[in-house]
Structure formats: structure tokens, C-alpha cells
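*Asks:* Dropping the structure in here first, questions after.
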Amino acid sequence: MRHTFRQAFSSGKFVTGFVILMGLLLLVILYPLIFRAPPLQIIAQGTFFPPGIYVSAYDSINAPTTYTLNLDGAAAKRVAAKLKDEDRVAMKEWLVVAGVPEDQIDISDAQKLLTLWAENYDPAKQVKGMTLARQRYFQRVNNAIQGLLSTEGAIIAVRQPESGALQEAGAVKQTDYVNISEVPNVRILPLGTDNFGRDVFAQLVRAIGVSLLIGIVAGLIATGIGLVLGLLAGYVGGAVDDVINFITNIFLVIPSLVLLILISFSVGQESRGAFTVAVVIGVTSWVWTTRAVRAQVISLRNRDHVNLSKLSGHSLFRIIRGDILPYIMSYVFMALILQISAAILAEANLSILGLGPRTTDVPTLGLMMQWAMIYQAHILGKWWAYFPVLISITLITFSMNLMITGLDQVFNPQLRN
Amino acid sequence: MKKASFLLALVVIASMILGACATPAPQVVEKVVTSAPQVVEKVQTQVVTEVQTQVVEKVVEKEVVVTPTPAPADENTLPREETLYFNGQQWSPVVGWNPYSNSNNNAMAIAQQDNARVIMFETPYLYNMLDGKVYPLLADGDFAWDDAQTQLTFKIKPAAKWSDGTPVTAEDVAYTWATHVKYNTPTGAANMDYIDTIEAVDPQTVVIKAKLGDNGSAVNPLLVNAYVSSNYVIQKAWTEKLEERVKGDATALLADTAEDVVYSGPYHKFFADETKVIYVRDDNYWGQDASMWGKLPAPKYLAHVIYKDNAAGSVALAQGEVDVSQQFNSNVQVLWENYGLPVSTYLPEPPYGIGASLPTAFYNLKSPGLDNPAVRKAIAIAVDYPTIIANAMTNQSATFDQVPRSLMNPTPGEQAMYDQAAVADLQWAGNDIEGAIKLLDDAGIKDTDGDGWRELDGKKLSYVATCPNGWSDWQAAIEVVAAAGKKIGIDITTNYPEWGVYQTVVTKSDTDLPESACRATGTATGACTRTPRPTS
């Protein structure tokens, strides 16, 4: 046994796959211990906040100390953030239409451009041939650049509770900075939020855990059923073999996805938790394991050591356990890993079709994909809602397949070097 | 010879490469997103009619530039310049063209009640929800009540004609009502308690006599008002033909697909299958008379493409395949802010449009537990409405600060007539988990067996909330409702059947919380008249 392990870990592919899988497992176990935020809590009011560090604006203004930093180019950056190059080009277009001679417009000089704009722009002006969408664009640009070149700070005012009048409570200069560690409310959203306003990373970590669990439960069930039926069919033979083979063949002909969809649908969503989904996947994907095990057992059945055991009067159970199982264990183990990775994919498939567990119950990789798709994250370019999920699914199945390939080289004499 | 063919081959290859490299000419297609009624976009509303007429007028200006080409009459090669592509009202194939029935599934052509759409059939008046007034369509001038408010009189425009060229008369209006009553159609059943008779005094003049209560005044004159702006006038001659065909059988009358129907509106059926429905303009439309619009609507064809879901519709909009999108386009501002597409909405800022009615969860009062007001109110006050608005509707719905929720539409015209202060203590802002828990505890509805869900009379409070699959904003909204249920110990499962199935499910009322067009209020659902109520 130890020898087998050593052999397995001498295979580079197996080790790589194993390390990736263990890495994911560690993440799943450790992350919730460090960050205790419930993954399904709706924290954001709005959809698809981009990844980043969120600093409370209120707390920043009220930070205990503000620091003055005189940094070069701070003003230029401020302007560039609101007045992009394409905006300048568009503003020039508008000014030309408004009758400003083209050679007087210098779009590289923000100061001059903004002055010209302020003098000439009229939001109500109807330009012939300009669509409403374009008109709106200019209105937005106009709003964005208001007060852009101001060097004054901003006044913070509070409303008097009695009179409702504004009273100056402080001022923020353009050179004021706060140290982020002094701001009490900072939330890191490594992968932003999803369409429900939930932390994608926290969800992803939990979902990987759930998917692995679904994979393991489904894999164990499928392999278990496959192994038992395969052993019986192969070793007992005769009528038992015929019956089991008959059933297996029927299941082989029906595409398992169709079966999966039908069963999930008829189970109904009320009782469709992660565990139920795992069971449903398990009972629909045992077929190939049965076949392969049966074939292997048939070839083992008439070996000398099996015949010797029979002559010694050993029971059916003992023969299978002592004389047959050890020979096919390596195959069964590899089949198990394959089943696990297939089950994770199957869950993703089901959830994308809306047949997975309930959204409010538990996050799964498939559900995250489903909602990202429903809210058109892929169309709107909100990559953080679906791409990390894809990567996770890929990493899980990739690591497992890598382990299989490594194990294959260890167990299969023809591939052994 | 060989050399020549070699050269030829080179030329062909070169042209292929060049052709492939050529930048495609940017497609300049005017796109107008009417996400006006977006909160409820699938609930067809009056504002749509308004927006449609606006759009139509808008394109008229364009028409001057465009030289109309003789139309090739093939549903797959509609001339782009003469076709207005629309989406968002039709999510499965059209069933029929029968204005007496309300199971035609033909949202663009046949939508009666408040949200009457008049591209094919016309109502005497048009209701404008922005100012709450009605404007004459088939009718000539305003209608008039007598002094006792027991009968309403209006005239039919002399210019109004049917598609077969015969004039629209008061007799048609009267016969339409008589038929509704005789065959007990949904329209008839809904108005029978308020309208006594509709009579034609002369070919132009219609008199509607209201049903009178015990005190001698009309039971509800406002519903008589509503009748003239929400119900089509149907031709008497065609109706008689239909009656003859169905031999007086009410079920058959309602089930008739009426492919031969006579209409008075500017468009009629050109083509319909499971992928699209196309309406073609009737160039003899009476409305081009100076007494009405004075001209024809510009698009020769109205093509409504049937998409699988909102996502598919949004892609089509971004690609320029849809001119007017009346569906929920999540985060629609991304289309212009990030992609610079020539797409605009009715309002430039959130909520980007005018909510024409409010999404509402209807409770099935026959469901065990939901007949208890405490349970209904607990769910209603626990729901996090700001999250529904900001996340599920991506801010495309007025906030509670902008328009406090009531059963009135959030339009200025209707809100002006509504006394918000008088109902302030009946309203809630939602997200009141403690309040909901207390309410349930006080009502004695507690979790007695420790499974995390409350029981009433020994039965676990477990419900199904449903809305059609692909209506993403509603799907997310009821997920938020389900999350609220979880917090207060009421098990709510979401379920998204296909649209056709949904219609049946809601009609049969075996679902507990079908999401439809009014907000979850603990009070009577019957008050929500501006919603497509399921047919019964």
C-alpha cells in the first residue's frame, strides 16, 4: 500500500493535480475561518460592483487625521478621470457643429477646451441628424466636467435637525489624503459582487466546497452502485448477469443528461438540496463503471487463484473481497475520481438549466453561472461574476484528470516506465 | 492557359482576403429603448401605446429621407428601412386574432383593459397615463355624462372605417357590447355589473347606460369611463359571421382564431410563427384622414421577434436587431456608458423610464396559511424592497422615496390624484425582519417542531413563488422574497416555468405566490386592476 502511494507521488502529473486540489480544499476550509461573512448575505445595493477595495467615503471624510500630500500630476489625473480622450474629440465635433472654427479648438489643452465648451455648449440645442442617444452623451459629458478645473476644496455641511439649514462642518482640500488603515470601514471584495449584491469571492469559496461535496457524494454513490452491480454480474454470471446487463444496456441507451433532467425535475425544487442533487447525479451515472467492472471481473473469474478459493469452499463474499477486489481496486479508484469530476460538471449543467439546488439555500458553481447568465454578465462585460467560476470548475476537473493520468502511469503496466 | 487560371485564382484569393479584411460599415440604426414601463415591462400598459405613437411619429421624420422601395412580400426579407423591429411583449407564438377572446397570446395586436393597444383594433378613446386623461380615437370629441351621471354619450368619427371599407358606426359599438354580454366573454363578465346597455341612437351616436344602484345613481361611473378607453370596437357584420360559424356556442366563439377578422387599426397580420409575428400596414387606414392623424404611421412593417429570454433580447438590442425594446434590459446604461451604443431610454437617469405599473406578488388565498393576514403581512414587510429595486431591477424602478408604493401607478398623472398622506400609516418600507417575526409570534405562528420553519395549525408554512422563466428581473425579485421568507421562518421556493405553462399555472391557482403585476401587499389583490389578470 505504502509502495503504491510512493509510486503515485513519484508521478509529476499526479503531484500537480493533487497540489491543485489540496490548494482548493485548503482555501475552502481556511477562508471561511478567517472571513466569517455569510456567503449568501446581500451586501451591495446594486448589481455587479467591480472587484476592489471599498473604503467608506463617510468615514474617509471623518477620518481622525488627514494628511497633506503634494503630489505631482494629481490635478491632471483628476481631469483625465473625467475627461477622456474620446470625450475631447467628441467635444470638438460638437463645437465645430456649433460654429467654432476648427483651428481654434485645441483638445490637448483642457483649460482652453473647457472654457470654449462652457461658452458654446447649449444642452437644448437640436443638432440636425443627431440621435437622442448622442444628445444624452453630450449632456453626460457636460455634467461630468462641471467644476473640473476648480482648485478649491469641497465644503462638508451637515443639516441642522431643527431648522434644516446647512451648516459648514469641515472642508476637504484637494491635497488631503487619509491613511486607509485609519478608516474604520473598509471592505475588500476580491471578485466584486454578483447580481444579487453578494460577495462573489465568499460565494465562490463556499460553492467550490459544495461542488466538491456534491462530487464526492455523487461519485461514491455512482461508483458504489457500479461496483456492486459489476461484481455481481461479472462473478455470478448466468441469469444475474443477464438481468444486470439488460438494465445496464437500457440505461446506456438513454442519454444520462436527459435522465438527470427528468429526475431533477420530478423531484421538485422544494426538496432539491445540494445532497439530493448529488444523489440524483449519483444514481444516473453508474452505468459505465458497471460495464468496466463486469468486464474485468469476467477476466479474473477463471484465474487459478480464484478457482483455488472456490475449491477451498470460500464464500462468494470472501472470494470477491479477497481474490477479485484487490485486482480491480486501482481501476475503481480512478473511476471514482472521474465520477467525482463528472458529477461536479453535471451539477453545473443542472444548475445552469435551473434544476440545481435553491438559490437561497446554498451557493454552487452552477448556480453562480446561472445567475451570471440570467443577468447577462457575459454580455455586459462583468467578468468577475462568471470567469472565476469557470476557472474553478476547470481547475477542479483538470486537477482530477491530471491525477488520473498520473495514476494510470503507475497502475498500468503498459504505461509504466 | 495555366498561367491565366493561376492569375485568376490569385485574384479570387486576394479579393477574398480583402473582402474579409474590409471593415464592415457601421450600422447606423436608430435605437430607442422604451424601457418606460420597465418595472413591469411585460405587463402591457397604456404608456406603451403612448410611446409607440411617439416612436411612430419620430420615424416619420426619417421617412422623408428614405425612398420607399416596393416591398418584397416575404417574411424573411423585410425591407430594413421600412420595418420597425420590436421585442418584449411576445414570448411565445401567437394563438389567434379574436378580439372577443383574451387568450390570443397576441400582446401587440390584442391587449384590452386599461392597457389597450391599438395597432389593429381600436378603442373609442385612448388613455394617457402620464396625465390621466383620455383622448378620442374612434370617438369624435369628448364623451359627455348626463347631469345625473347615469348615461354617457359620445360620437363616432365620420371618417372611421373598417378594413373592408365600410364605416365604423355606433351600431358596431352597441353590437360589440351585446355580444360580450350574450356570450359572457371576459370583457362582458367584468363590466356587466357596471354597464346596463350600450345603444346606438343614430349611426354616429353611442349612449352607454350605467347600471344603477338602489339609490338611483350609477354603481361605478368611473368603470364606465374606463370601458370606452379599454375595450375594442368590433365590426357587427364580422361578428354576425362569426356567430353563424360557431352556431351560437360561447366556447367556440372564444376559441375561434378569427383569421378573417375585420379591424379598424393601421396594422394587421402579415405573418406569424413561433419565431416572430409581423404586422403590415393597411395603406387604406382611415386614420390618415385629416380629422385623425393626417398621415399613415411610417413603418410599413412592425416585426416582433420572439426571443427566448431577456438575455437574448438584450443581445439583439445591442446588435441593432431590435429598434424598440420593451423588456427588462439589465443594467441598460452599460450599453451607452461602456459600449457607446446609440441606445437611449425614455428618461436619461435611473429609473430610465416611467413605471407603468408595479410588479406585484399575488397571494393565493386558498393556500393553507396564506388565508391568514398575519402571514401575508409578515412576508410583505420582511421583503427587502430597496434590494429588489437596486439589484433585481438594476435601479430601473422608482425608489420608495420617489414614489411611495400604493395600488396606483407611479405616474405623475395618477399620483396627483392620490392622497399619499391618508395611507401613510398603511405603508411600509420593507426589510422589517424583527417586525415580521414579532407579528408572526404574536399571532401564535411559531416553529413548534424545531425544523427552522414555522407551522400554522400543524402545517409547515411552505409556499411556491412563481414567475415565467427568462423574466430575469422578476426571477431575481422573487429570490429576494424567498430570502426574506427564510429569515422569518417561512419556506418559499421559487419556480420558473415557461411562459405558456406559467399562464396555466396562475389560472389554475395551484401556485401560492405567482409574481404578477402588483407589489406584495397584504390586502385584497382584486384592487390591482391595472394588471393582466389571469383569465378564468
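For the C-alpha cells, the naming scheme is as follows: chains receive sequential letters (A, B, ...) according to their order of presentation, residues are indexed from 1 within each chain, and ligands are indexed from 1 in presentation order.
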Which residues, written as a PDB file with N, CA, C and O atoms, in the first residue's frame, have at least one atom at most 6 Å from segment 181-190 of chain A, with only C-alpha atoms counted and residues fewer than 2 positions away on the same chain left out?

*Replies:*
```pdb
ATOM      1  N   PRO A  51     -14.446  44.287  -8.784  1.00  0.00           N
ATOM      2  CA  PRO A  51     -13.521  43.888  -7.735  1.00  0.00           C
ATOM      3  C   PRO A  51     -12.720  45.088  -7.243  1.00  0.00           C
ATOM      4  O   PRO A  51     -12.427  45.993  -8.017  1.00  0.00           O
ATOM      5  N   GLY A  52     -12.358  45.083  -5.990  1.00  0.00           N
ATOM      6  CA  GLY A  52     -11.532  46.169  -5.476  1.00  0.00           C
ATOM      7  C   GLY A  52     -11.697  46.339  -3.985  1.00  0.00           C
ATOM      8  O   GLY A  52     -12.366  45.558  -3.317  1.00  0.00           O
ATOM      9  N   ILE A  53     -11.062  47.383  -3.488  1.00  0.00           N
ATOM     10  CA  ILE A  53     -11.142  47.689  -2.062  1.00  0.00           C
ATOM     11  C   ILE A  53     -12.153  48.805  -1.887  1.00  0.00           C
ATOM     12  O   ILE A  53     -12.028  49.851  -2.515  1.00  0.00           O
ATOM     13  N   TYR A  54     -13.159  48.574  -1.078  1.00  0.00           N
ATOM     14  CA  TYR A  54     -14.195  49.576  -0.878  1.00  0.00           C
ATOM     15  C   TYR A  54     -13.959  50.284   0.450  1.00  0.00           C
ATOM     16  O   TYR A  54     -13.933  49.647   1.501  1.00  0.00           O
ATOM     17  N   VAL A  55     -13.760  51.597   0.336  1.00  0.00           N
ATOM     18  CA  VAL A  55     -13.459  52.411   1.513  1.00  0.00           C
ATOM     19  C   VAL A  55     -14.667  53.284   1.773  1.00  0.00           C
ATOM     20  O   VAL A  55     -15.186  53.920   0.865  1.00  0.00           O
ATOM     21  N   SER A  56     -15.108  53.319   3.007  1.00  0.00           N
ATOM     22  CA  SER A  56     -16.269  54.135   3.331  1.00  0.00           C
ATOM     23  C   SER A  56     -15.960  55.613   3.090  1.00  0.00           C
ATOM     24  O   SER A  56     -15.010  56.166   3.657  1.00  0.00           O
ATOM     25  N   ASP A  59     -16.568  57.638   6.280  1.00  0.00           N
ATOM     26  CA  ASP A  59     -15.507  57.506   7.272  1.00  0.00           C
ATOM     27  C   ASP A  59     -14.225  58.194   6.807  1.00  0.00           C
ATOM     28  O   ASP A  59     -13.447  58.677   7.628  1.00  0.00           O
ATOM     29  N   SER A  60     -13.983  58.226   5.499  1.00  0.00           N
ATOM     30  CA  SER A  60     -12.783  58.884   4.996  1.00  0.00           C
ATOM     31  C   SER A  60     -12.838  60.364   5.297  1.00  0.00           C
ATOM     32  O   SER A  60     -11.853  60.981   5.698  1.00  0.00           O
ATOM     33  N   ASN A 179      -5.093  57.811   5.506  1.00  0.00           N
ATOM     34  CA  ASN A 179      -4.431  56.514   5.521  1.00  0.00           C
ATOM     35  C   ASN A 179      -5.509  55.448   5.653  1.00  0.00           C
ATOM     36  O   ASN A 179      -6.323  55.481   6.577  1.00  0.00           O
ATOM     37  N   GLY A 192     -15.510  41.376  -6.451  1.00  0.00           N
ATOM     38  CA  GLY A 192     -16.699  42.221  -6.588  1.00  0.00           C
ATOM     39  C   GLY A 192     -17.957  41.568  -6.067  1.00  0.00           C
ATOM     40  O   GLY A 192     -17.917  40.673  -5.230  1.00  0.00           O
TER      41      GLY A 192
END
```

*Asks:* Determine, using only C-alpha atoms, which residues of chain B have any atom at most 7 Å from an atom of chain A, and tabulate each with its shortest atom pair and distance in Å to one decimal place, rows ordered by chain and then rising number, as JSON lines.

*Replies:*
```
{"residue": "B:Ala311", "atom": "CA", "partner": "A:Gln376", "partner_atom": "CA", "distance": 5.8}
{"residue": "B:Ser330", "atom": "CA", "partner": "A:Tyr375", "partner_atom": "CA", "distance": 6.3}
{"residue": "B:Val334", "atom": "CA", "partner": "A:Leu380", "partner_atom": "CA", "distance": 6.7}
{"residue": "B:Pro342", "atom": "CA", "partner": "A:Ala133", "partner_atom": "CA", "distance": 5.1}
{"residue": "B:Val343", "atom": "CA", "partner": "A:Ala133", "partner_atom": "CA", "distance": 5.4}
{"residue": "B:Ser344", "atom": "CA", "partner": "A:Ala133", "partner_atom": "CA", "distance": 4.7}
{"residue": "B:Pro348", "atom": "CA", "partner": "A:Arg136", "partner_atom": "CA", "distance": 6.9}
{"residue": "B:Thr387", "atom": "CA", "partner": "A:Gln45", "partner_atom": "CA", "distance": 5.8}
{"residue": "B:Ala390", "atom": "CA", "partner": "A:Gly46", "partner_atom": "CA", "distance": 4.7}
{"residue": "B:Asn391", "atom": "CA", "partner": "A:Gly46", "partner_atom": "CA", "distance": 4.6}
{"residue": "B:Ala392", "atom": "CA", "partner": "A:Phe196", "partner_atom": "CA", "distance": 6.8}
{"residue": "B:Thr394", "atom": "CA", "partner": "A:Gly46", "partner_atom": "CA", "distance": 6.2}
{"residue": "B:Ser472", "atom": "CA", "partner": "A:Ile374", "partner_atom": "CA", "distance": 5.9}
{"residue": "B:Glu479", "atom": "CA", "partner": "A:Thr360", "partner_atom": "CA", "distance": 6.9}
{"residue": "B:Ala482", "atom": "CA", "partner": "A:Thr360", "partner_atom": "CA", "distance": 6.9}
{"residue": "B:Ala483", "atom": "CA", "partner": "A:Thr360", "partner_atom": "CA", "distance": 5.7}
{"residue": "B:Thr493", "atom": "CA", "partner": "A:Glu270", "partner_atom": "CA", "distance": 6.0}
```

*Asks:* Could you save the residues just selected, with N, CA, C and O atoms, as an mmCIF file, in the first residue's frame?

*Replies:*
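Wrote selection_11.cif, looks like this:
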```cif
data_model
loop_
_atom_site.group_PDB
_atom_site.id
_atom_site.type_symbol
_atom_site.label_atom_id
_atom_site.label_comp_id
_atom_site.auth_asym_id
_atom_site.auth_seq_id
_atom_site.Cartn_x
_atom_site.Cartn_y
_atom_site.Cartn_z
ATOM 1 N N ALA B 311 -32.083 37.919 -21.801
ATOM 2 C CA ALA B 311 -30.693 37.988 -22.242
ATOM 3 C C ALA B 311 -30.619 38.009 -23.765
ATOM 4 O O ALA B 311 -29.900 38.814 -24.364
ATOM 5 N N SER B 330 -31.132 44.358 -18.314
ATOM 6 C CA SER B 330 -30.455 44.603 -17.037
ATOM 7 C C SER B 330 -29.288 45.543 -17.264
ATOM 8 O O SER B 330 -28.572 45.439 -18.260
ATOM 9 N N VAL B 334 -25.161 50.351 -19.325
ATOM 10 C CA VAL B 334 -23.872 49.858 -19.812
ATOM 11 C C VAL B 334 -23.795 49.979 -21.334
ATOM 12 O O VAL B 334 -22.734 50.225 -21.898
ATOM 13 N N PRO B 342 -25.624 53.619 -29.703
ATOM 14 C CA PRO B 342 -26.652 54.663 -29.840
ATOM 15 C C PRO B 342 -27.993 54.192 -29.276
ATOM 16 O O PRO B 342 -28.969 54.060 -29.990
ATOM 17 N N VAL B 343 -28.021 53.933 -28.003
ATOM 18 C CA VAL B 343 -29.233 53.466 -27.347
ATOM 19 C C VAL B 343 -29.642 54.516 -26.320
ATOM 20 O O VAL B 343 -28.789 55.058 -25.625
ATOM 21 N N SER B 344 -30.911 54.824 -26.273
ATOM 22 C CA SER B 344 -31.341 55.771 -25.249
ATOM 23 C C SER B 344 -32.635 55.295 -24.626
ATOM 24 O O SER B 344 -33.360 54.496 -25.201
ATOM 25 N N PRO B 348 -33.203 59.981 -19.038
ATOM 26 C CA PRO B 348 -31.749 59.774 -19.116
ATOM 27 C C PRO B 348 -31.155 59.150 -17.862
ATOM 28 O O PRO B 348 -30.108 58.531 -17.909
ATOM 29 N N THR B 387 -33.504 46.373 -2.173
ATOM 30 C CA THR B 387 -32.645 45.434 -2.897
ATOM 31 C C THR B 387 -33.310 44.977 -4.188
ATOM 32 O O THR B 387 -32.664 44.823 -5.216
ATOM 33 N N ALA B 390 -32.788 47.974 -6.525
ATOM 34 C CA ALA B 390 -31.418 48.235 -6.953
ATOM 35 C C ALA B 390 -30.794 47.032 -7.650
ATOM 36 O O ALA B 390 -30.061 47.187 -8.627
ATOM 37 N N ASN B 391 -31.079 45.824 -7.174
ATOM 38 C CA ASN B 391 -30.375 44.663 -7.695
ATOM 39 C C ASN B 391 -31.197 43.902 -8.727
ATOM 40 O O ASN B 391 -30.731 43.669 -9.836
ATOM 41 N N ALA B 392 -32.403 43.509 -8.351
ATOM 42 C CA ALA B 392 -33.199 42.732 -9.304
ATOM 43 C C ALA B 392 -33.576 43.597 -10.498
ATOM 44 O O ALA B 392 -33.484 43.170 -11.646
ATOM 45 N N THR B 394 -32.080 46.388 -11.325
ATOM 46 C CA THR B 394 -30.919 47.230 -11.629
ATOM 47 C C THR B 394 -31.278 48.718 -11.680
ATOM 48 O O THR B 394 -30.960 49.424 -12.631
ATOM 49 N N SER B 472 -35.946 37.776 -16.161
ATOM 50 C CA SER B 472 -34.865 37.745 -15.179
ATOM 51 C C SER B 472 -35.114 38.639 -13.980
ATOM 52 O O SER B 472 -34.836 38.256 -12.854
ATOM 53 N N GLU B 479 -36.521 35.735 -5.808
ATOM 54 C CA GLU B 479 -35.447 35.152 -4.990
ATOM 55 C C GLU B 479 -35.247 35.997 -3.734
ATOM 56 O O GLU B 479 -34.969 35.478 -2.652
ATOM 57 N N ALA B 482 -37.888 35.103 -1.457
ATOM 58 C CA ALA B 482 -37.596 33.810 -0.833
ATOM 59 C C ALA B 482 -36.575 33.973 0.284
ATOM 60 O O ALA B 482 -36.677 33.340 1.338
ATOM 61 N N ALA B 483 -35.585 34.855 0.054
ATOM 62 C CA ALA B 483 -34.567 35.095 1.083
ATOM 63 C C ALA B 483 -35.210 35.700 2.326
ATOM 64 O O ALA B 483 -34.853 35.343 3.453
ATOM 65 N N THR B 493 -40.215 28.586 -2.012
ATOM 66 C CA THR B 493 -39.420 28.015 -3.083
ATOM 67 C C THR B 493 -39.742 28.763 -4.365
ATOM 68 O O THR B 493 -40.897 29.096 -4.610
#
```

*Asks:* Among segment 162-369 of chain B, which residues does DSSP mark as strand (DSSP E) when it is run on the backbone? Keep the chain and numbering as in the structure and answer as an NGL selection string.

*Replies:* :B and (195-202 or 205-210 or 267-272 or 276-281 or 301-305 or 324-325 or 343-344 or 360-361)

*Asks:* Quick check for you: according to DSSP on this backbone, which residues of segment 61-282 of chain B are classed as alpha helix (DSSP H)? Reply as a VMD selection string.

*Replies:* chain B and resid 61 to 65 170 to 182 186 to 191 221 to 230 236 to 246 250 to 255

*Asks:* Mind pulling up the distance from atom CA of Arg36 of chain A to atom CA of Ala202 of chain A?

*Replies:*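 That distance, rounded to one decimal, is 9.1 Å.
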
*Asks:* Might you pull out every residue within 8 Å of Gln339 of chain A, with only C-alpha atoms counted and same-chain residues fewer than 3 positions away left off, and present them as a tab-separated table (two decimals) with N, CA, C and O atoms, in the first residue's frame?

*Replies:*
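Written out: selection_20.tsv:
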```
chain	number	residue	atom	x	y	z
A	215	GLY	N	-19.74	16.39	-5.67
A	215	GLY	CA	-18.93	15.47	-6.47
A	215	GLY	C	-18.60	14.21	-5.72
A	215	GLY	O	-18.76	13.09	-6.23
A	218	ALA	N	-21.85	12.12	-5.02
A	218	ALA	CA	-22.34	11.51	-6.25
A	218	ALA	C	-21.36	10.45	-6.74
A	218	ALA	O	-21.75	9.37	-7.19
A	219	GLY	N	-20.06	10.77	-6.64
A	219	GLY	CA	-19.03	9.82	-7.10
A	219	GLY	C	-19.09	8.54	-6.30
A	219	GLY	O	-19.03	7.44	-6.87
A	222	ALA	N	-22.29	6.61	-7.30
A	222	ALA	CA	-22.19	6.03	-8.64
A	222	ALA	C	-21.20	4.87	-8.65
A	222	ALA	O	-21.48	3.79	-9.17
A	223	THR	N	-20.04	5.10	-8.01
A	223	THR	CA	-19.04	4.04	-8.01
A	223	THR	C	-19.53	2.85	-7.19
A	223	THR	O	-19.31	1.70	-7.56
A	285	SER	N	-25.33	7.92	-13.00
A	285	SER	CA	-24.05	7.86	-13.72
A	285	SER	C	-23.20	6.64	-13.35
A	285	SER	O	-21.99	6.68	-13.44
A	335	ALA	N	-11.81	5.33	-11.44
A	335	ALA	CA	-13.19	5.59	-11.86
A	335	ALA	C	-13.88	6.54	-10.91
A	335	ALA	O	-14.62	7.44	-11.32
A	336	LEU	N	-13.56	6.36	-9.61
A	336	LEU	CA	-14.17	7.23	-8.61
A	336	LEU	C	-13.79	8.69	-8.86
A	336	LEU	O	-14.65	9.58	-8.86
A	342	ALA	N	-16.87	14.32	-13.06
A	342	ALA	CA	-18.05	14.35	-13.93
A	342	ALA	C	-19.27	14.87	-13.18
A	342	ALA	O	-20.09	15.61	-13.72
A	343	ALA	N	-19.37	14.50	-11.88
A	343	ALA	CA	-20.53	14.92	-11.10
A	343	ALA	C	-20.51	16.43	-10.87
A	343	ALA	O	-21.55	17.09	-10.89
```

*Asks:* For a test of reading the model, state the distance in Å between atom CA of Pro412 of chain B and atom CA of Met130 of chain A, rounded to one decimal.

*Replies:*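 For atom CA of Pro412 of chain B relative to atom CA of Met130 of chain A, the distance reads 29.2 Å.
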
*Asks:* Can you pull out the residues contacting Gly234 of chain A? Cut-off 8 Å, using only C-alpha atoms, and skip same-chain residues under 4 positions away; I want them as a PyMOL selection string.

*Replies:* chain A and resi 230+241+293-298+301

*Asks:* Take the residues that were just selected and, keeping N, CA, C and O atoms, output them as a compact mmCIF listing (two decimals), in the first residue's frame.

*Replies:*
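Wrote it out as result.txt, contents follow:
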```txt
# COMPACT_ATOMS: atom_id res chain seq x y z
N GLY A 230 -21.44 -4.49 -11.00
CA GLY A 230 -20.41 -5.05 -11.87
C GLY A 230 -19.86 -6.35 -11.30
O GLY A 230 -19.68 -7.33 -12.02
N ASP A 241 -26.29 -12.05 -14.37
CA ASP A 241 -25.55 -11.26 -15.35
C ASP A 241 -26.49 -10.73 -16.41
O ASP A 241 -26.43 -9.56 -16.79
N VAL A 293 -16.30 -2.76 -14.71
CA VAL A 293 -16.01 -3.69 -13.61
C VAL A 293 -16.40 -5.11 -14.01
O VAL A 293 -15.65 -6.05 -13.80
N ARG A 294 -17.56 -5.23 -14.64
CA ARG A 294 -18.02 -6.55 -15.05
C ARG A 294 -16.99 -7.20 -15.99
O ARG A 294 -16.62 -8.37 -15.80
N ALA A 295 -16.51 -6.41 -16.94
CA ALA A 295 -15.55 -6.97 -17.90
C ALA A 295 -14.29 -7.44 -17.19
O ALA A 295 -13.77 -8.53 -17.47
N GLN A 296 -13.82 -6.63 -16.26
CA GLN A 296 -12.60 -7.01 -15.55
C GLN A 296 -12.83 -8.26 -14.70
O GLN A 296 -11.98 -9.15 -14.65
N VAL A 297 -14.00 -8.31 -14.06
CA VAL A 297 -14.27 -9.45 -13.19
C VAL A 297 -14.36 -10.73 -14.02
O VAL A 297 -13.87 -11.78 -13.61
N ILE A 298 -14.97 -10.65 -15.19
CA ILE A 298 -15.09 -11.84 -16.03
C ILE A 298 -13.71 -12.41 -16.36
O ILE A 298 -13.47 -13.62 -16.31
N ARG A 301 -12.38 -14.09 -13.24
CA ARG A 301 -13.19 -15.15 -12.66
C ARG A 301 -12.55 -16.53 -12.78
O ARG A 301 -12.62 -17.34 -11.87
```

*Asks:* Which is closer to Val267 of chain A than all the others in A:Trp286, A:Met369, A:Gly356, A:Asn249, using only C-alpha atoms?

*Replies:*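 Using only C-alpha atoms, Val267 of chain A sits closest to A:Gly356.
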
*Asks:* Mind checking which residues fall within 10 Å of Glu152 of chain A, counting only C-alpha atoms, ignoring those fewer than 5 positions away in the same chain, and posting them as a count of residues only?

*Replies:* 5

*Asks:* With a distance cut-off of 7 Å and only C-alpha atoms, select the neighbouring residues of Gly96 of chain B, excluding the residue or stretch itself and same-chain residues fewer than 6 positions from it, and output the selection as a PyMOL selection string.

*Replies:* chain B and resi 104+106+257-258

*Asks:* Show me, as an MDAnalysis selection string, the residues that have an atom within 12 Å of segment 404-417 of chain A when counting only C-alpha atoms, minus same-chain residues fewer than 2 positions from it.

*Replies:* chainID A and resid 3:18 327:341 397:402

*Asks:* Could you tell me how far atom CA of Leu242 of chain B lies from atom CA of Trp177 of chain B, in Å and to one decimal?

*Replies:*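 Straight-line distance from atom CA of Leu242 of chain B to atom CA of Trp177 of chain B works out to 15.0 Å.
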
*Asks:* Restricting the calculation to only C-alpha atoms: of A:Leu116, A:Leu395, A:Ile281, A:Val306, which residue gets closest to Leu220 of chain A?

*Replies:* A:Ile281

*Asks:* Return the single residue from B:Val173, B:Ala422, B:Val481, B:Val277 that is closest to Thr466 of chain B, with distances computed using only C-alpha atoms.

*Replies:*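 The shortest atom-to-atom distance to Thr466 of chain B comes from B:Val481.
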